[in-house]
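input09.tsv follows (TSV, C-alpha atoms):
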chain	number	residue	atom	x	y	z
Z	1	ARG	CA	48.61	113.03	144.66
Z	2	GLY	CA	51.05	115.76	145.54
Z	3	PHE	CA	52.62	115.69	142.06
Z	4	PRO	CA	52.33	119.47	141.39
Z	5	ILE	CA	54.35	120.16	144.55
Z	6	PHE	CA	56.83	117.47	143.62
Z	7	ALA	CA	57.20	119.04	140.18
Z	8	LEU	CA	58.47	122.20	141.86
Z	9	GLY	CA	61.74	120.30	142.18
Z	10	VAL	CA	62.71	121.88	138.86
Z	11	VAL	CA	62.49	125.31	140.50
Z	12	PHE	CA	64.44	124.12	143.53
Z	13	GLY	CA	67.13	122.70	141.26
Z	14	GLN	CA	67.41	126.04	139.50
Z	15	ALA	CA	67.76	127.80	142.86
Z	16	TYR	CA	70.53	125.36	143.78
Z	17	ILE	CA	72.50	125.90	140.57
Z	18	THR	CA	72.00	129.67	140.58
Z	19	THR	CA	73.25	129.91	144.17
Z	20	TYR	CA	76.23	127.72	143.33
Z	21	GLU	CA	77.24	129.73	140.27
Z	22	TYR	CA	76.87	133.07	142.06
Z	23	ALA	CA	78.79	131.89	145.13
Z	24	LYS	CA	81.49	130.38	142.92
Z	25	TYR	CA	81.90	133.72	141.16
Z	26	GLN	CA	82.29	135.43	144.52
Z	27	CYS	CA	84.88	132.83	145.55
Z	28	SER	CA	86.86	133.07	142.30
Z	29	HIS	CA	89.91	134.39	144.17
Z	30	MET	CA	90.13	131.18	146.24
Z	31	ASN	CA	91.71	127.85	145.35
Z	32	ALA	CA	89.83	125.11	143.47
Z	33	PHE	CA	88.93	123.21	146.63
Z	34	LEU	CA	87.29	126.18	148.38
Z	35	GLN	CA	85.67	127.30	145.11
Z	36	GLY	CA	83.72	124.07	145.24
Z	37	LEU	CA	83.33	123.52	148.98
Z	38	LEU	CA	81.81	126.85	150.02
Z	39	PRO	CA	79.50	127.41	147.01
Z	40	GLY	CA	78.39	123.77	147.15
Z	41	ALA	CA	77.46	124.08	150.83
Z	42	LEU	CA	75.61	127.37	150.29
Z	43	ALA	CA	73.76	125.94	147.30
Z	44	SER	CA	72.59	123.00	149.37
Z	45	ILE	CA	71.29	125.31	152.09
Z	46	ALA	CA	69.38	127.33	149.49
Z	47	GLY	CA	67.93	124.23	147.87
Z	48	GLN	CA	66.94	122.61	151.17
Z	49	SER	CA	65.33	125.83	152.40
Z	50	LEU	CA	62.90	125.58	149.48
Z	51	SER	CA	62.52	121.83	149.09
Z	52	VAL	CA	61.92	120.82	152.72
Z	53	PRO	CA	58.62	122.76	153.08
Z	54	ALA	CA	57.47	121.34	149.75
Z	55	ASP	CA	58.42	117.82	150.87
Z	56	VAL	CA	56.44	118.24	154.09
Z	57	VAL	CA	53.32	119.33	152.19
Z	58	THR	CA	53.80	116.62	149.55
Z	59	GLN	CA	54.06	113.91	152.19
Z	60	ARG	CA	50.88	115.15	153.87
Z	61	LEU	CA	49.05	115.19	150.53
Z	62	GLN	CA	50.25	111.70	149.66
Z	63	ILE	CA	49.05	110.13	152.91
Z	64	GLN	CA	45.80	112.13	153.03
Z	65	GLY	CA	42.87	109.76	153.15
Z	66	MET	CA	44.95	106.66	153.91
Z	67	LYS	CA	43.57	106.53	157.44
Z	68	ASN	CA	40.24	104.75	157.72
Z	69	PRO	CA	39.81	104.31	153.94
Z	70	SER	CA	36.74	102.13	154.38
Z	71	GLN	CA	34.91	104.65	156.53
Z	72	LYS	CA	31.70	105.83	154.88
Z	73	MET	CA	31.04	109.55	154.61
Z	74	ASP	CA	28.14	111.51	153.31
Z	75	LEU	CA	28.46	114.09	150.56
Z	76	GLN	CA	28.89	116.97	153.01
Z	77	SER	CA	31.71	115.32	154.97
Z	78	ALA	CA	33.38	114.20	151.74
Z	79	THR	CA	33.35	117.77	150.46
Z	80	TRP	CA	34.81	118.97	153.74
Z	81	LYS	CA	37.55	116.36	153.59
Z	82	LYS	CA	38.42	117.32	150.04
Z	83	LYS	CA	38.89	120.91	151.09
Z	84	GLU	CA	41.01	119.86	154.08
Z	85	GLY	CA	43.09	117.64	151.79
Z	86	SER	CA	43.86	120.40	149.32
Z	87	PHE	CA	47.15	122.26	149.18
Z	88	ALA	CA	45.69	125.26	151.01
Z	89	GLY	CA	43.97	123.00	153.56
Z	90	ILE	CA	47.19	121.15	154.35
Z	91	CYS	CA	49.09	124.43	154.74
Z	92	ARG	CA	46.43	125.83	157.08
Z	93	LYS	CA	46.53	122.67	159.16
Z	94	ILE	CA	50.32	122.76	159.48
Z	95	ILE	CA	50.29	126.42	160.53
Z	96	LYS	CA	47.46	125.81	162.99
Z	97	TYR	CA	49.12	122.94	164.84
Z	98	ASP	CA	52.86	123.48	164.28
Z	99	GLY	CA	53.27	127.08	163.14
Z	100	ILE	CA	55.76	128.05	160.44
Z	101	SER	CA	58.29	125.64	161.94
Z	102	GLY	CA	55.99	122.80	160.88
Z	103	PHE	CA	57.06	123.37	157.27
Z	104	TYR	CA	60.67	122.76	158.29
Z	105	ARG	CA	60.27	119.48	160.10
Z	106	GLY	CA	63.51	117.58	159.62
Z	107	TYR	CA	65.22	120.61	158.07
Z	108	PHE	CA	68.36	120.63	160.23
Z	109	ILE	CA	68.68	116.86	160.04
Z	110	SER	CA	68.67	117.13	156.24
Z	111	LEU	CA	71.25	119.91	156.33
Z	112	MET	CA	73.51	117.81	158.53
Z	113	SER	CA	74.01	115.31	155.72
Z	114	ASN	CA	73.26	117.20	152.50
Z	115	VAL	CA	75.36	120.33	153.08
Z	116	PRO	CA	78.68	118.48	153.63
Z	117	THR	CA	77.84	116.10	150.79
Z	118	SER	CA	77.21	118.94	148.34
Z	119	GLY	CA	80.29	120.89	149.44
Z	120	ILE	CA	82.63	117.90	149.21
Z	121	TRP	CA	81.13	116.85	145.87
Z	122	TRP	CA	81.83	120.20	144.18
Z	123	ALA	CA	85.22	120.56	145.88
Z	124	THR	CA	86.30	117.13	144.63
Z	125	TYR	CA	84.94	117.84	141.16
Z	126	ASN	CA	86.85	121.13	140.85
Z	127	VAL	CA	90.10	119.64	142.14
Z	128	MET	CA	89.76	116.61	139.86
Z	129	LEU	CA	89.25	118.83	136.82
Z	130	GLN	CA	92.24	120.94	137.80
Z	131	LYS	CA	94.52	117.92	138.24
Z	132	VAL	CA	93.26	115.61	135.49
Z	133	GLY	CA	92.07	118.10	132.88
Z	134	PRO	CA	95.50	119.31	131.69
Z	135	TYR	CA	96.36	115.80	130.52
Z	136	PHE	CA	93.59	115.90	127.91
Z	137	LYS	CA	92.99	118.15	124.94
Z	138	PRO	CA	90.26	120.78	125.55
Z	139	ASP	CA	87.16	121.00	123.39
Z	140	LYS	CA	86.29	123.80	120.95
Z	141	PHE	CA	85.11	126.01	123.81
Z	142	GLY	CA	88.50	125.77	125.48
Z	143	THR	CA	87.17	123.78	128.42
Z	144	HIS	CA	87.31	120.15	129.49
Z	145	THR	CA	85.64	117.54	127.31
Z	146	ILE	CA	82.46	115.77	128.39
Z	147	PRO	CA	84.19	112.39	129.02
Z	148	VAL	CA	86.72	114.03	131.35
Z	149	GLN	CA	83.96	115.86	133.20
Z	150	ALA	CA	81.92	112.65	133.42
Z	151	ILE	CA	84.84	110.74	134.98
Z	152	CYS	CA	85.43	113.56	137.47
Z	153	GLY	CA	81.72	113.62	138.31
Z	154	ILE	CA	81.59	109.87	138.97
Z	155	THR	CA	84.68	110.08	141.16
Z	156	SER	CA	83.25	113.05	143.05
Z	157	GLY	CA	80.09	111.10	143.79
Z	158	ALA	CA	82.06	108.18	145.22
Z	159	VAL	CA	84.35	110.42	147.30
Z	160	SER	CA	81.51	112.47	148.78
Z	161	ALA	CA	79.59	109.28	149.56
Z	162	MET	CA	82.53	107.82	151.45
Z	163	ALA	CA	83.28	111.08	153.29
Z	164	THR	CA	79.72	111.68	154.50
Z	165	ASN	CA	78.37	108.15	154.87
Z	166	PRO	CA	78.40	108.19	158.70
Z	167	LEU	CA	76.40	111.44	158.67
Z	168	ASP	CA	73.86	109.87	156.32
Z	169	VAL	CA	73.52	106.81	158.56
Z	170	ILE	CA	72.95	109.02	161.61
Z	171	ARG	CA	70.45	111.18	159.70
Z	172	THR	CA	68.47	108.13	158.61
Z	173	ARG	CA	68.41	106.70	162.13
Z	174	VAL	CA	67.22	110.02	163.58
Z	175	GLN	CA	64.44	110.32	160.99
Z	176	VAL	CA	63.11	106.79	161.43
Z	177	GLY	CA	63.95	106.29	165.09
Z	178	GLY	CA	62.20	107.48	168.21
Z	179	SER	CA	64.92	109.78	169.53
Z	180	ARG	CA	65.72	113.16	167.96
Z	181	SER	CA	68.92	113.61	169.99
Z	182	LEU	CA	71.94	113.46	167.70
Z	183	VAL	CA	74.22	112.67	170.63
Z	184	LYS	CA	72.10	109.76	171.83
Z	185	VAL	CA	71.63	108.35	168.35
Z	186	THR	CA	75.35	108.63	167.54
Z	187	ARG	CA	76.34	107.00	170.84
Z	188	LYS	CA	73.86	104.16	170.32
Z	189	LEU	CA	75.02	103.60	166.74
Z	190	TRP	CA	78.65	103.47	167.86
Z	191	GLN	CA	77.77	100.93	170.55
Z	192	GLU	CA	75.83	98.79	168.07
Z	193	GLU	CA	77.96	99.15	164.94
Z	194	GLY	CA	81.41	100.24	166.09
Z	195	ILE	CA	83.82	101.07	163.28
Z	196	SER	CA	81.39	99.55	160.74
Z	197	LEU	CA	79.31	102.70	161.19
Z	198	PHE	CA	81.57	104.29	158.58
Z	199	SER	CA	80.91	101.58	156.00
Z	200	LYS	CA	77.27	100.71	156.70
Z	201	GLY	CA	75.45	100.87	153.36
Z	202	LEU	CA	78.47	102.56	151.78
Z	203	THR	CA	78.64	100.40	148.65
Z	204	ALA	CA	75.01	101.03	147.70
Z	205	ARG	CA	75.28	104.75	148.49
Z	206	ALA	CA	78.52	105.14	146.53
Z	207	LEU	CA	77.04	103.39	143.49
Z	208	SER	CA	73.86	105.46	143.71
Z	209	MET	CA	75.69	108.76	144.05
Z	210	SER	CA	78.19	107.93	141.31
Z	211	THR	CA	75.37	107.12	138.89
Z	212	SER	CA	73.36	110.22	139.78
Z	213	SER	CA	76.52	112.34	139.62
Z	214	LEU	CA	77.15	111.15	136.07
Z	215	LEU	CA	73.65	112.17	134.98
Z	216	ILE	CA	73.81	115.50	136.83
Z	217	ILE	CA	77.17	116.50	135.41
Z	218	LEU	CA	76.15	115.52	131.87
Z	219	GLY	CA	73.09	117.74	132.15
Z	220	TYR	CA	74.93	120.58	133.89
Z	221	GLU	CA	77.86	120.74	131.50
Z	222	THR	CA	75.65	120.26	128.42
Z	223	VAL	CA	73.48	123.22	129.41
Z	224	LYS	CA	76.61	125.32	129.94
Z	225	ARG	CA	77.82	124.41	126.46
Z	226	LEU	CA	74.49	125.36	124.94
Z	227	SER	CA	74.77	128.69	126.74
Z	228	TYR	CA	78.25	129.20	125.31
Z	229	GLN	CA	76.94	128.47	121.82
Z	230	GLU	CA	74.05	130.91	122.20
Z	231	GLN	CA	76.35	133.64	123.51
Z	232	SER	CA	78.79	132.99	120.67
Z	233	CYS	CA	76.02	133.26	118.05
Z	234	GLU	CA	74.74	136.50	119.58
Z	235	TYR	CA	78.26	137.90	119.61
Z	236	ASP	CA	78.83	136.98	115.97
Z	237	MET	CA	75.52	138.51	114.89
Z	238	GLY	CA	76.28	141.71	116.79
Z	239	TYR	CA	79.77	141.86	115.39
Z	240	ASN	CA	78.56	141.40	111.82
In structure tokens, write the structure found in this file.
Amino acid sequence: RGFPIFALGVVFGQAYITTYEYAKYQCSHMNAFLQGLLPGALASIAGQSLSVPADVVTQRLQIQGMKNPSQKMDLQSATWKKKEGSFAGICRKIIKYDGISGFYRGYFISLMSNVPTSGIWWATYNVMLQKVGPYFKPDKFGTHTIPVQAICGITSGAVSAMATNPLDVIRTRVQVGGSRSLVKVTRKLWQEEGISLFSKGLTARALSMSTSSLLIILGYETVKRLSYQEQSCEYDMGYN
């Protein structure tokens, strides 16, 4: 239930990468750190702007019918419920009760954590490649080899996890807690956790982000190489 909406994640991922590449091109006159920080942040905003509404609808579809599952309904009421539980029905219900803003429930809370994480991840990745890359021989395309990029990706995941862990803890508490006030939640967390707020769940998050970063960078850089190969073949064919 809700799988077709969830599958749109492929489209959202494409929007993220396209925004990043375009913004990086526009920031080509800046240093390596800013070439990653600004495009990474903008890409996250673009991706979240598309994925949050889909997540809201998906969550509604997934929980549809979970309330009173044993309640008996006749054929007419069952047909009505099916229509209300469809994609269009869920969207109409959200607009009716919450308006357009209902599709963006939790949007700014997600941005609070994901935008800095994305920006720091790409900034660290670019700087790592710039500092570490020259010590290794480039591949046939004249760029960094996959192992070097993989190491930089893993490191970037760990660094961004450590840098933004407090924001992620606050985001999680806001989403699952009763209060939506960032100030109140942050103050309460500081009173409860103290300095450990910065390390709460850090090990698990760093391991998770490092692993996912490895997979992401392998896919990202592999696709770029395939694009280079295709462009090279087209150039050779045109030249001949």
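In this structure, CA of Gln26 in chain Z sits 29.4 Å away from CA of Asn165 in chain Z.
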From CA of Asp98 in chain Z to CA of Arg173 in chain Z the spacing works out at 23.0 Å
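Among the candidate residues Z:Leu129, Z:Ala163, Z:Ile151, Z:Leu197, the one lying nearest to Leu214 in chain Z is Z:Ile151, with distances computed using only C-alpha atoms.
Among Z:Ala32, Z:Ile216, Z:Ile90, Z:Leu42, the residue with the shortest atom-to-atom distance to Val57 in chain Z, counting all atoms listed in the file, is Z:Ile90.
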Can you tell me which residues surround range 219-223 of chain Z at a distance of at most 10 Å, considering all atoms listed in the file, apart from same-chain residues fewer than 4 positions away, and format the answer as a list in words?
Ile17, His144, Thr145, Ile146, Gln149, Ala150, Ser213, Leu214, Leu215, Ser227, Tyr228 and Gln229 of chain Z
Block slice range 199-230 of chain Z, N, CA and C atoms, emitted as a PDB file, in the first residue's frame:
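Just written: result.pdb:
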ATOM      1  N   SER Z 199      26.360  13.522  21.230  1.00  0.00           N
ATOM      2  CA  SER Z 199      26.799  12.158  20.903  1.00  0.00           C
ATOM      3  C   SER Z 199      25.682  11.128  20.997  1.00  0.00           C
ATOM      4  N   LYS Z 200      24.476  11.559  21.282  1.00  0.00           N
ATOM      5  CA  LYS Z 200      23.354  10.626  21.442  1.00  0.00           C
ATOM      6  C   LYS Z 200      23.039   9.950  20.107  1.00  0.00           C
ATOM      7  N   GLY Z 201      23.220   8.638  20.048  1.00  0.00           N
ATOM      8  CA  GLY Z 201      22.964   7.884  18.827  1.00  0.00           C
ATOM      9  C   GLY Z 201      23.971   8.134  17.716  1.00  0.00           C
ATOM     10  N   LEU Z 202      25.089   8.768  18.048  1.00  0.00           N
ATOM     11  CA  LEU Z 202      26.057   9.162  17.015  1.00  0.00           C
ATOM     12  C   LEU Z 202      26.704   7.956  16.339  1.00  0.00           C
ATOM     13  N   THR Z 203      27.069   6.947  17.122  1.00  0.00           N
ATOM     14  CA  THR Z 203      27.756   5.790  16.541  1.00  0.00           C
ATOM     15  C   THR Z 203      26.888   5.106  15.485  1.00  0.00           C
ATOM     16  N   ALA Z 204      25.632   4.859  15.830  1.00  0.00           N
ATOM     17  CA  ALA Z 204      24.727   4.196  14.886  1.00  0.00           C
ATOM     18  C   ALA Z 204      24.495   5.067  13.653  1.00  0.00           C
ATOM     19  N   ARG Z 205      24.341   6.374  13.867  1.00  0.00           N
ATOM     20  CA  ARG Z 205      24.080   7.271  12.733  1.00  0.00           C
ATOM     21  C   ARG Z 205      25.310   7.368  11.835  1.00  0.00           C
ATOM     22  N   ALA Z 206      26.493   7.435  12.438  1.00  0.00           N
ATOM     23  CA  ALA Z 206      27.715   7.525  11.641  1.00  0.00           C
ATOM     24  C   ALA Z 206      27.930   6.263  10.812  1.00  0.00           C
ATOM     25  N   LEU Z 207      27.680   5.101  11.417  1.00  0.00           N
ATOM     26  CA  LEU Z 207      27.822   3.843  10.687  1.00  0.00           C
ATOM     27  C   LEU Z 207      26.801   3.758   9.551  1.00  0.00           C
ATOM     28  N   SER Z 208      25.570   4.177   9.838  1.00  0.00           N
ATOM     29  CA  SER Z 208      24.523   4.127   8.825  1.00  0.00           C
ATOM     30  C   SER Z 208      24.836   5.063   7.657  1.00  0.00           C
ATOM     31  N   MET Z 209      25.256   6.279   7.971  1.00  0.00           N
ATOM     32  CA  MET Z 209      25.537   7.240   6.917  1.00  0.00           C
ATOM     33  C   MET Z 209      26.792   6.879   6.136  1.00  0.00           C
ATOM     34  N   SER Z 210      27.778   6.314   6.799  1.00  0.00           N
ATOM     35  CA  SER Z 210      28.994   5.901   6.097  1.00  0.00           C
ATOM     36  C   SER Z 210      28.686   4.790   5.099  1.00  0.00           C
ATOM     37  N   THR Z 211      27.864   3.830   5.531  1.00  0.00           N
ATOM     38  CA  THR Z 211      27.492   2.726   4.642  1.00  0.00           C
ATOM     39  C   THR Z 211      26.675   3.219   3.454  1.00  0.00           C
ATOM     40  N   SER Z 212      25.659   4.045   3.737  1.00  0.00           N
ATOM     41  CA  SER Z 212      24.829   4.564   2.651  1.00  0.00           C
ATOM     42  C   SER Z 212      25.631   5.474   1.730  1.00  0.00           C
ATOM     43  N   SER Z 213      26.595   6.215   2.295  1.00  0.00           N
ATOM     44  CA  SER Z 213      27.438   7.091   1.482  1.00  0.00           C
ATOM     45  C   SER Z 213      28.288   6.287   0.507  1.00  0.00           C
ATOM     46  N   LEU Z 214      28.776   5.141   0.969  1.00  0.00           N
ATOM     47  CA  LEU Z 214      29.559   4.271   0.095  1.00  0.00           C
ATOM     48  C   LEU Z 214      28.723   3.823  -1.102  1.00  0.00           C
ATOM     49  N   LEU Z 215      27.504   3.367  -0.837  1.00  0.00           N
ATOM     50  CA  LEU Z 215      26.634   2.898  -1.916  1.00  0.00           C
ATOM     51  C   LEU Z 215      26.245   4.041  -2.857  1.00  0.00           C
ATOM     52  N   ILE Z 216      25.950   5.199  -2.282  1.00  0.00           N
ATOM     53  CA  ILE Z 216      25.546   6.348  -3.098  1.00  0.00           C
ATOM     54  C   ILE Z 216      26.675   6.790  -4.008  1.00  0.00           C
ATOM     55  N   ILE Z 217      27.882   6.886  -3.458  1.00  0.00           N
ATOM     56  CA  ILE Z 217      28.988   7.403  -4.257  1.00  0.00           C
ATOM     57  C   ILE Z 217      29.398   6.397  -5.323  1.00  0.00           C
ATOM     58  N   LEU Z 218      29.293   5.104  -5.031  1.00  0.00           N
ATOM     59  CA  LEU Z 218      29.585   4.093  -6.045  1.00  0.00           C
ATOM     60  C   LEU Z 218      28.612   4.220  -7.216  1.00  0.00           C
ATOM     61  N   GLY Z 219      27.336   4.386  -6.900  1.00  0.00           N
ATOM     62  CA  GLY Z 219      26.344   4.554  -7.959  1.00  0.00           C
ATOM     63  C   GLY Z 219      26.527   5.856  -8.713  1.00  0.00           C
ATOM     64  N   TYR Z 220      26.747   6.931  -7.993  1.00  0.00           N
ATOM     65  CA  TYR Z 220      26.899   8.262  -8.594  1.00  0.00           C
ATOM     66  C   TYR Z 220      28.096   8.328  -9.526  1.00  0.00           C
ATOM     67  N   GLU Z 221      29.242   7.889  -9.046  1.00  0.00           N
ATOM     68  CA  GLU Z 221      30.463   7.972  -9.845  1.00  0.00           C
ATOM     69  C   GLU Z 221      30.455   6.958 -10.993  1.00  0.00           C
ATOM     70  N   THR Z 222      29.810   5.809 -10.799  1.00  0.00           N
ATOM     71  CA  THR Z 222      29.719   4.823 -11.877  1.00  0.00           C
ATOM     72  C   THR Z 222      28.871   5.358 -13.027  1.00  0.00           C
ATOM     73  N   VAL Z 223      27.750   5.992 -12.694  1.00  0.00           N
ATOM     74  CA  VAL Z 223      26.896   6.579 -13.725  1.00  0.00           C
ATOM     75  C   VAL Z 223      27.645   7.685 -14.475  1.00  0.00           C
ATOM     76  N   LYS Z 224      28.430   8.466 -13.777  1.00  0.00           N
ATOM     77  CA  LYS Z 224      29.210   9.518 -14.428  1.00  0.00           C
ATOM     78  C   LYS Z 224      30.224   8.913 -15.392  1.00  0.00           C
ATOM     79  N   ARG Z 225      30.829   7.806 -14.997  1.00  0.00           N
ATOM     80  CA  ARG Z 225      31.792   7.150 -15.883  1.00  0.00           C
ATOM     81  C   ARG Z 225      31.112   6.601 -17.131  1.00  0.00           C
ATOM     82  N   LEU Z 226      29.942   6.020 -16.945  1.00  0.00           N
ATOM     83  CA  LEU Z 226      29.198   5.525 -18.099  1.00  0.00           C
ATOM     84  C   LEU Z 226      28.831   6.668 -19.044  1.00  0.00           C
ATOM     85  N   SER Z 227      28.540   7.815 -18.478  1.00  0.00           N
ATOM     86  CA  SER Z 227      28.233   8.996 -19.304  1.00  0.00           C
ATOM     87  C   SER Z 227      29.460   9.442 -20.076  1.00  0.00           C
ATOM     88  N   TYR Z 228      30.628   9.407 -19.405  1.00  0.00           N
ATOM     89  CA  TYR Z 228      31.874   9.765 -20.086  1.00  0.00           C
ATOM     90  C   TYR Z 228      32.141   8.824 -21.261  1.00  0.00           C
ATOM     91  N   GLN Z 229      31.912   7.514 -21.029  1.00  0.00           N
ATOM     92  CA  GLN Z 229      32.144   6.533 -22.074  1.00  0.00           C
ATOM     93  C   GLN Z 229      31.222   6.763 -23.270  1.00  0.00           C
ATOM     94  N   GLU Z 230      29.957   7.046 -22.978  1.00  0.00           N
ATOM     95  CA  GLU Z 230      28.988   7.277 -24.051  1.00  0.00           C
ATOM     96  C   GLU Z 230      29.354   8.527 -24.852  1.00  0.00           C
TER      97      GLU Z 230
END
